[in-house]
2 protein chains.
Amino acid sequence: MPAKPVRPRLNRDVICEAALELLAESGADSFSMRALGDRLGVDASAFYRHYPDKDALLREVGDRALAPATRGFTTSEDPSDDVRRMCLGVRKALLRSPVALQLTQAGPTRYPNELRITEVMLDAFDRAGMAPEDAVLAYHVFIEYTVGSAALDAPLAVSAQLRRETYRRWRADYAQLPSDDYPAIRAHAAHLYPSSDTVFRTGLEALLARLLGT
Amino acid sequence: MPAKPVRPRLNRDVICEAALELLAESGADSFSMRALGDRLGVDASAFYRHYPDKDALLREVGDRALAPATRGFTTSEDPSDDVRRMCLGVRKALLRSPVALQLTQAGPTRYPNELRITEVMLDAFDRAGMAPEDAVLAYHVFIEYTVGSAALDAPLAVSAQLRRETYRRWRADYAQLPSDDYPAIRAHAAHLYPSSDTVFRTGLEALLARLLGT
DNA sequence: ACCTGAACACCGTTCAAGT
DNA sequence: ACCTGAACACCGTTCAAGT
């Protein structure tokens, strides 16, 4: 069999794959072009032949992180449930990979996974019988809520144990506030910071019920 | 009259004030300890006597950016409207100062403005007759939605003209997608990206109607 | 007590040079 | 065509030294 060409060592596929691994292992804070270069046995400057800059690289990496939400998604007969499942899937994918946050700051990537999510949701609102303007409005509301929540929840999503301990500490802090100034906080301190998944579900169901009229 | 003591040149008040100005003028990207030092005529290392690190400094700056939302806020007889006005005020403050995003990533600051916002909202849910667990759940939903949306909208909030042009360009891009793969996107391209304030209002009213039973 | 200045260990990015 | 290596212009942070 013919020898596989050793060149090219680098292309967008191997770069994004390595970036996703590096992000999953070491977190978003310690990601750098130099660290990515080390992992691939390549100088950091080599990436600039494949992407104009770090942001462009991370935008493609970010879209690939969304793949679990689109791969295998099947539309049902219930548009409301399609929106529900898609939002939950997007949230799960965003919490899994710490590059999610990056995506929130650069506008639409128009990469395949993002486009598929948009298509599925707009189609669902259409099937629900919404007027075009209302469908677009609803689409943006669900995306802002889903991505925004994920951006807030992501920093503590890495470890369930760390999350529980952190929430417990925060509750204890709230419980020690002066009750003259903050009576309502004091009264609710023990209940603050329920599971962020429960919080997300609560808002999601409220939006579905009101905007899709289920 | 006695001469004002020249020392201390630096304290938390003058540091935060200068940081807010620098952020408003030059944006979040070009903020650095060195740039802040230049503005105050001081070496960058001088701040480390007043804050443990850059994050701690920005957390206090972030809370001060919320001041417009709490200063002058008065509770009404309609809890639902109190929540509405507070969320709109928080959004406005967050879009005004580009440090908002920073706040979303570090957990609660427990600085005065953030605490006041929490107190007002929990109190409103109480007055609406909600059970304590439901009040806390609703509080977290509204905060996630408000802060999350602001984090997504902030990058384009600086200039209305830039925002309009950017949205127009994005719509044009969506309109050129292959309609075989993305029929719903193509059909809605002209309506995508309505005013982000309208989007926020739509979701906010849906959540108010469903969670506060208006 | 408070700030300076130099230093350390990093960054993203560019560009001539190598192969 | 693709990558290297050195260089540039930055970072946040520490710490001995100054006043």
# chains A, B, ... in the order shown; residues from 1 in each chain; ligands from 1
call {"tool": "residues_around", "arguments": {"residues": "Thr109 (chain A)", "least_positions_apart": "4", "cutoff": "10 Å", "atoms": "only C-alpha atoms (C1' of nucleotides)", "output": "list of chain:residue names"}}
result
A:Ala56, A:Arg59, A:Glu60, A:Gly62, A:Asp63, A:Leu103, A:Asn113, A:Glu114, A:Leu115
call {"tool": "closest_atom_pairs", "arguments": {"of": "chain A", "to": "chain D", "cutoff": "12 Å", "atoms": "only C-alpha atoms (C1' of nucleotides)", "output": "CSV"}}
result
residue,atom,partner,partner_atom,distance
A:Arg7,CA,D:DC2,C1',8.6
A:Pro8,CA,D:DC2,C1',7.8
A:Arg9,CA,D:DC2,C1',9.0
A:Leu10,CA,D:DC2,C1',8.9
A:Asn11,CA,D:DC2,C1',10.8
A:Gly37,CA,D:DC3,C1',11.6
A:Gly41,CA,D:DC3,C1',11.1
A:Val42,CA,D:DC3,C1',7.9
A:Asp43,CA,D:DT4,C1',6.9
A:Ala44,CA,D:DT4,C1',9.7
A:Ser45,CA,D:DC3,C1',8.4
A:Ala46,CA,D:DC3,C1',6.0
A:Phe47,CA,D:DC3,C1',9.5
A:Tyr48,CA,D:DC3,C1',10.5
A:Arg49,CA,D:DC2,C1',8.1
A:His50,CA,D:DC2,C1',10.3
call {"tool": "write_last_selection", "arguments": {"atoms": "C-alpha atoms", "output": "compact mmCIF listing (two decimals), in the first residue's frame"}}
result
# COMPACT_ATOMS: atom_id res chain seq x y z
CA ARG A 7 2.48 16.43 4.87
CA PRO A 8 0.25 18.21 5.61
CA ARG A 9 0.83 17.81 9.35
CA LEU A 10 -1.66 20.58 10.06
CA ASN A 11 -5.16 21.27 8.81
CA GLY A 37 1.33 24.34 19.44
CA GLY A 41 4.43 19.51 18.23
CA VAL A 42 4.34 22.65 16.17
CA ASP A 43 5.31 26.27 16.60
CA ALA A 44 2.50 28.59 17.68
CA SER A 45 2.97 30.72 14.60
CA ALA A 46 2.09 27.78 12.34
CA PHE A 47 -1.65 28.27 12.97
CA TYR A 48 -1.66 31.61 11.24
CA ARG A 49 -1.43 29.87 7.90
CA HIS A 50 -4.80 28.20 8.65
call {"tool": "interface_residues", "arguments": {"of": "chain A", "to": "chain B", "cutoff": "7 Å", "atoms": "only C-alpha atoms", "output": "ChimeraX atom specification"}}
result
/A:104-105,119,122-123,132-133,136-137,140-141,144-145,148-149,151-152,155,182,184-185,188,191-192,199-200,203,206-207,210-211
call {"tool": "select_by_dssp", "arguments": {"residues": "region 15-201 of chain B", "states": "helix (DSSP H, G or I)", "output": "JSON, numbers by chain"}}
result
{"B": [15, 16, 17, 18, 19, 20, 21, 22, 23, 24, 25, 26, 33, 34, 35, 36, 37, 38, 39, 40, 44, 45, 46, 47, 48, 49, 54, 55, 56, 57, 58, 59, 60, 61, 62, 63, 64, 65, 67, 68, 69, 70, 79, 80, 81, 82, 83, 84, 85, 86, 87, 88, 89, 90, 91, 92, 93, 94, 95, 96, 100, 101, 102, 103, 112, 113, 114, 115, 116, 117, 118, 119, 120, 121, 122, 123, 124, 125, 126, 127, 132, 133, 134, 135, 136, 137, 138, 139, 140, 141, 142, 143, 144, 145, 146, 147, 148, 149, 150, 151, 152, 153, 154, 155, 156, 160, 161, 162, 163, 164, 165, 166, 167, 168, 169, 170, 171, 172, 173, 174, 175, 183, 184, 185, 186, 187, 188, 189, 190, 191, 196, 197, 198, 199, 200, 201]}
call {"tool": "atom_distance", "arguments": {"atom1": "CA of Met130 (chain B)", "atom2": "CA of Pro112 (chain B)"}}
result
25.2 Å
call {"tool": "atom_distance", "arguments": {"atom1": "CA of Val83 (chain B)", "atom2": "CA of Gly129 (chain B)"}}
result
13.9 Å
call {"tool": "atom_distance", "arguments": {"atom1": "CA of Ser159 (chain B)", "atom2": "CA of Arg171 (chain B)"}}
result
18.4 Å
call {"tool": "residues_around", "arguments": {"residues": "Leu22 (chain B)", "least_positions_apart": "4", "cutoff": "8 Å", "atoms": "only C-alpha atoms (C1' of nucleotides)", "output": "PDB file with C-alpha atoms, in the first residue's frame"}}
result
ATOM      1  CA  ALA B  18     -10.887  55.832  36.859  1.00  0.00           C
ATOM      2  CA  SER B  26     -11.552  52.667  25.439  1.00  0.00           C
ATOM      3  CA  GLY B  27     -13.631  49.509  25.776  1.00  0.00           C
ATOM      4  CA  PHE B  31      -8.308  47.744  29.659  1.00  0.00           C
ATOM      5  CA  LEU B  36      -5.190  52.147  34.372  1.00  0.00           C
ATOM      6  CA  ARG B  39      -4.440  57.183  33.533  1.00  0.00           C
TER       7      ARG B  39
END
